[in-house]
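Engineer: Below is the file coords14.tsv, with TSV, C-alpha atoms.
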```tsv
chain	number	residue	atom	x	y	z
B	1	MET	CA	-25.99	14.42	-18.83
B	2	THR	CA	-22.41	13.98	-17.71
B	3	THR	CA	-20.48	11.10	-19.20
B	4	PHE	CA	-17.03	9.97	-18.27
B	5	ASP	CA	-14.70	8.41	-20.80
B	6	LEU	CA	-13.72	5.74	-18.29
B	7	ASP	CA	-14.66	2.13	-17.59
B	8	PHE	CA	-15.97	1.84	-14.04
B	9	ALA	CA	-15.28	-1.92	-14.05
B	10	ALA	CA	-11.63	-1.56	-15.13
B	11	ASP	CA	-8.96	-2.77	-12.75
B	12	HIS	CA	-6.89	-0.08	-11.01
B	13	PHE	CA	-3.95	-0.40	-13.38
B	14	THR	CA	-6.13	-0.12	-16.48
B	15	LEU	CA	-8.00	2.82	-14.96
B	16	PHE	CA	-4.74	4.77	-14.75
B	17	GLY	CA	-3.33	3.44	-18.04
B	18	LEU	CA	-0.49	1.63	-16.28
B	19	PRO	CA	0.93	-1.86	-16.77
B	20	ARG	CA	0.00	-4.54	-14.27
B	21	ALA	CA	3.30	-4.56	-12.41
B	22	GLN	CA	4.59	-4.30	-8.88
B	23	ALA	CA	7.41	-1.98	-9.98
B	24	LEU	CA	5.39	1.11	-10.78
B	25	ASP	CA	6.38	4.61	-11.82
B	26	LEU	CA	4.73	6.64	-9.06
B	27	GLY	CA	5.17	9.84	-11.07
B	28	ASN	CA	3.05	8.41	-13.88
B	29	LEU	CA	0.50	7.15	-11.36
B	30	GLU	CA	0.27	10.62	-9.80
B	31	LYS	CA	-0.03	12.33	-13.18
B	32	SER	CA	-2.78	9.98	-14.33
B	33	PHE	CA	-4.59	10.32	-11.00
B	34	ARG	CA	-4.60	14.12	-11.26
B	35	ALA	CA	-5.84	14.02	-14.86
B	36	ILE	CA	-8.73	11.71	-13.99
B	37	GLN	CA	-9.56	13.65	-10.81
B	38	ALA	CA	-9.76	16.84	-12.87
B	39	GLN	CA	-12.40	15.12	-14.98
B	40	VAL	CA	-14.48	13.46	-12.24
B	41	HIS	CA	-14.07	15.68	-9.17
B	42	PRO	CA	-17.50	16.44	-7.67
B	43	ASP	CA	-16.75	20.18	-7.48
B	44	LYS	CA	-16.55	20.23	-11.27
B	45	HIS	CA	-20.10	18.86	-11.38
B	46	ALA	CA	-21.59	20.95	-8.56
B	47	HIS	CA	-24.21	22.53	-10.83
B	48	ALA	CA	-25.08	19.34	-12.71
B	49	ALA	CA	-28.20	17.25	-12.22
B	50	ASP	CA	-28.45	15.12	-9.06
B	51	SER	CA	-27.74	11.91	-10.97
B	52	ASP	CA	-24.64	13.43	-12.54
B	53	ARG	CA	-23.38	14.68	-9.18
B	54	ARG	CA	-23.87	11.20	-7.71
B	55	LEU	CA	-22.01	9.68	-10.64
B	56	ALA	CA	-19.17	12.15	-10.19
B	57	MET	CA	-19.02	11.29	-6.47
B	58	GLN	CA	-18.92	7.56	-7.26
B	59	TRP	CA	-16.14	8.12	-9.77
B	60	ALA	CA	-14.14	10.31	-7.41
B	61	THR	CA	-14.42	7.65	-4.70
B	62	ARG	CA	-13.44	4.89	-7.13
B	63	VAL	CA	-10.42	6.84	-8.40
B	64	ASN	CA	-9.26	7.75	-4.87
B	65	GLU	CA	-9.50	4.15	-3.69
B	66	ALA	CA	-7.60	2.90	-6.74
B	67	PHE	CA	-4.91	5.54	-6.23
B	68	GLN	CA	-4.50	4.71	-2.54
B	69	THR	CA	-4.14	1.02	-3.40
B	70	LEU	CA	-1.57	1.49	-6.15
B	71	LYS	CA	0.59	4.08	-4.41
B	72	SER	CA	1.23	1.73	-1.46
B	73	PRO	CA	3.67	-1.08	-2.37
B	74	GLY	CA	2.05	-3.49	0.09
B	75	LYS	CA	-1.53	-2.80	-0.97
B	76	ARG	CA	-0.46	-2.83	-4.62
B	77	ALA	CA	1.14	-6.28	-4.20
B	78	ARG	CA	-1.96	-7.71	-2.50
B	79	TYR	CA	-4.20	-6.28	-5.22
B	80	LEU	CA	-1.91	-7.43	-8.04
B	81	LEU	CA	-1.66	-10.95	-6.64
B	82	HIS	CA	-5.46	-11.13	-6.56
B	83	LEU	CA	-5.62	-9.92	-10.18
B	84	LEU	CA	-3.10	-12.60	-11.13
B	85	GLY	CA	-5.30	-15.25	-9.54
B	86	HIS	CA	-3.11	-15.87	-6.51
B	87	ASP	CA	-4.72	-15.37	-3.11
B	88	PRO	CA	-2.07	-14.22	-0.61
B	89	GLN	CA	-4.21	-15.82	2.15
B	90	ILE	CA	-3.76	-12.87	4.48
B	91	GLU	CA	-6.34	-14.09	7.00
B	92	SER	CA	-5.89	-17.85	6.71
B	93	ASN	CA	-2.13	-18.38	6.39
B	94	THR	CA	-0.24	-17.06	9.39
B	95	ALA	CA	2.80	-19.29	8.99
B	96	MET	CA	6.07	-17.35	9.18
B	97	PRO	CA	9.67	-18.45	9.31
B	98	ALA	CA	10.85	-18.83	12.91
B	99	GLU	CA	13.86	-16.57	12.28
B	100	PHE	CA	11.59	-13.78	11.01
B	101	LEU	CA	9.26	-14.09	14.01
B	102	MET	CA	12.18	-14.03	16.46
B	103	LYS	CA	13.52	-10.87	14.84
B	104	GLN	CA	10.08	-9.25	15.03
B	105	MET	CA	9.85	-10.10	18.73
B	106	GLU	CA	13.30	-8.63	19.36
B	107	LEU	CA	12.40	-5.44	17.51
B	108	ARG	CA	9.13	-5.11	19.43
B	109	GLU	CA	11.00	-5.52	22.71
B	110	ALA	CA	13.49	-2.85	21.63
B	111	VAL	CA	10.61	-0.52	20.80
B	112	MET	CA	8.91	-1.17	24.14
B	113	ASP	CA	12.16	-0.56	26.03
B	114	ALA	CA	12.93	2.63	24.09
B	115	ARG	CA	9.41	3.90	24.59
B	116	ALA	CA	9.53	3.19	28.32
B	117	ALA	CA	12.86	5.01	28.52
B	118	ALA	CA	11.58	7.85	26.30
B	119	ASP	CA	14.64	7.21	24.11
B	120	GLU	CA	13.88	8.96	20.84
B	121	THR	CA	17.30	8.10	19.37
B	122	ALA	CA	16.81	4.37	19.96
B	123	LEU	CA	13.35	4.53	18.39
B	124	ASP	CA	14.75	6.41	15.39
B	125	ASP	CA	17.49	3.78	15.01
B	126	VAL	CA	15.02	0.88	15.09
B	127	ARG	CA	12.75	2.73	12.67
B	128	SER	CA	15.60	3.44	10.26
B	129	GLY	CA	16.75	-0.18	10.26
B	130	LEU	CA	13.22	-1.45	9.74
B	131	LEU	CA	12.62	1.01	6.90
B	132	ASN	CA	15.75	-0.26	5.16
B	133	GLU	CA	14.50	-3.84	5.48
B	134	ILE	CA	11.06	-2.90	4.17
B	135	ARG	CA	12.55	-1.08	1.16
B	136	ALA	CA	14.69	-4.11	0.34
B	137	ASP	CA	11.68	-6.38	0.69
B	138	TYR	CA	9.63	-4.13	-1.63
B	139	ALA	CA	12.36	-4.43	-4.26
B	140	ARG	CA	12.43	-8.20	-3.76
B	141	LEU	CA	8.63	-8.27	-4.07
B	142	ALA	CA	8.80	-6.52	-7.45
B	143	GLU	CA	11.38	-9.07	-8.57
B	144	LEU	CA	9.23	-11.99	-7.39
B	145	ILE	CA	6.05	-10.73	-9.06
B	146	ASP	CA	7.26	-8.97	-12.20
B	147	VAL	CA	10.29	-11.05	-13.17
B	148	ALA	CA	10.29	-14.46	-11.48
B	149	ARG	CA	6.48	-14.70	-11.39
B	150	ASP	CA	6.86	-16.62	-8.14
B	151	TYR	CA	3.50	-15.66	-6.71
B	152	ALA	CA	3.66	-18.10	-3.79
B	153	ALA	CA	6.94	-16.58	-2.56
B	154	ALA	CA	5.51	-13.10	-3.21
B	155	ALA	CA	2.46	-13.94	-1.09
B	156	ASP	CA	4.73	-15.11	1.75
B	157	LEU	CA	6.69	-11.87	1.52
B	158	VAL	CA	3.48	-9.80	1.47
B	159	ARG	CA	2.41	-11.40	4.75
B	160	GLN	CA	5.83	-10.67	6.27
B	161	LEU	CA	5.67	-7.08	5.06
B	162	MET	CA	2.33	-6.67	6.79
B	163	PHE	CA	4.04	-7.56	10.08
B	164	GLN	CA	6.83	-5.10	9.36
B	165	GLU	CA	4.44	-2.31	8.37
B	166	LYS	CA	2.45	-2.84	11.56
B	167	LEU	CA	5.64	-2.63	13.60
B	168	LEU	CA	6.60	0.55	11.74
B	169	ASN	CA	3.26	2.07	12.77
B	170	GLU	CA	3.92	1.04	16.37
B	171	ILE	CA	7.32	2.75	16.23
B	172	ASP	CA	5.73	5.89	14.83
B	173	ASP	CA	3.17	5.83	17.67
B	174	ALA	CA	5.99	5.39	20.20
B	175	LEU	CA	7.93	8.27	18.67
B	176	GLU	CA	4.84	10.44	18.83
B	177	ALA	CA	4.35	9.55	22.49
B	178	VAL	CA	8.00	10.20	23.33
B	179	THR	CA	8.18	13.53	21.52
B	180	ALA	CA	4.79	14.84	22.72
```
Go ahead and render the structure in this file as structure tokens.

Structural biologist:
Amino acid sequence: MTTFDLDFAADHFTLFGLPRAQALDLGNLEKSFRAIQAQVHPDKHAHAADSDRRLAMQWATRVNEAFQTLKSPGKRARYLLHLLGHDPQIESNTAMPAEFLMKQMELREAVMDARAAADETALDDVRSGLLNEIRADYARLAELIDVARDYAAAADLVRQLMFQEKLLNEIDDALEAVTA
């Protein structure tokens, strides 16, 4: 019978042997992910008993989901806030600062105009500016969670980042349409 030297109930950070922190060494995450995948990958257990193959599949799925969560700063923050006992209220709290919402509307209009004009340069410019804002907000998020332990402010920022990430996806879709 196949046994894995892992705790299926462990949180994602513990699974990969990493500290519970927003600021995460992605190289260490990747290295740990690869080591665990080498142990649990279903191909490694292809000739094992059915129950062992199912267990390997469950582990591979669990490890992949944990990796996908931790490698994304936004998903990692949402997960970490839940672990810390602070619900970011993604579905129930839609309050945003008026200034932030106005800026989002302006950016969306700029994207719509650039898409309609098939202006790849304008889309690239909006995308670049938004990426810079998102990177700065990710750094601020790590500060809020890891240092200040201001989970309420971190939750507010997580909700704002979700807006920004959605807009980034819309820009990428517009760029794809313009360059197709």

Engineer: Choose the residue, out of B:Asp5, B:Glu165, B:Asp150, B:Glu170, that has the smallest atom-to-atom separation from Ala114 (chain B); count all atoms listed in the file.

Structural biologist: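 Comparing B:Asp5, B:Glu165, B:Asp150, B:Glu170 against Ala114 (chain B), the winner is B:Glu170.
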
Engineer: Which neighbours of Leu29 (chain B) fall inside 8 Å, counting all atoms listed in the file, when residues of the same chain fewer than 6 positions from it are skipped, and could you give them as a PDB file with C-alpha atoms, in the frame of the given file?

Structural biologist:
```
ATOM      1  CA  PHE B  16      -4.740   4.770 -14.750  1.00  0.00           C
ATOM      2  CA  LEU B  18      -0.490   1.630 -16.280  1.00  0.00           C
ATOM      3  CA  PHE B  67      -4.910   5.540  -6.230  1.00  0.00           C
ATOM      4  CA  LEU B  70      -1.570   1.490  -6.150  1.00  0.00           C
ATOM      5  CA  LYS B  71       0.590   4.080  -4.410  1.00  0.00           C
TER       6      LYS B  71
END
```

Engineer: What's the separation between CA of Phe13 (chain B) and CA of Ala60 (chain B), in Å to one decimal place?

Structural biologist: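 CA of Ala60 (chain B) lies at a distance of 15.9 Å from CA of Phe13 (chain B).
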
Engineer: Rounded to one decimal in Å, what is the spacing between CA of Leu168 (chain B) and CA of Ala142 (chain B)?

Structural biologist: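 According to the coordinates, CA of Leu168 (chain B) and CA of Ala142 (chain B) are separated by 20.6 Å.
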
Engineer: Enclose the full set of atoms of region 74-87 of chain B listed in the file within a box whose edges lie along x, y and z, apply 4 Å of padding to each of the six sides, and report centre and edge lengths in Å to one decimal as JSON.

Structural biologist:
```
{"center_x": -1.8, "center_y": -9.3, "center_z": -5.5, "size_x": 15.7, "size_y": 21.1, "size_z": 19.2}
```

Engineer: Name the closest residue to Ala10 (chain B) among the candidates B:Ala174, B:Val63, B:Ala98, B:Ala56; distances are taken between atoms, counting all atoms listed in the file.

Structural biologist: B:Val63
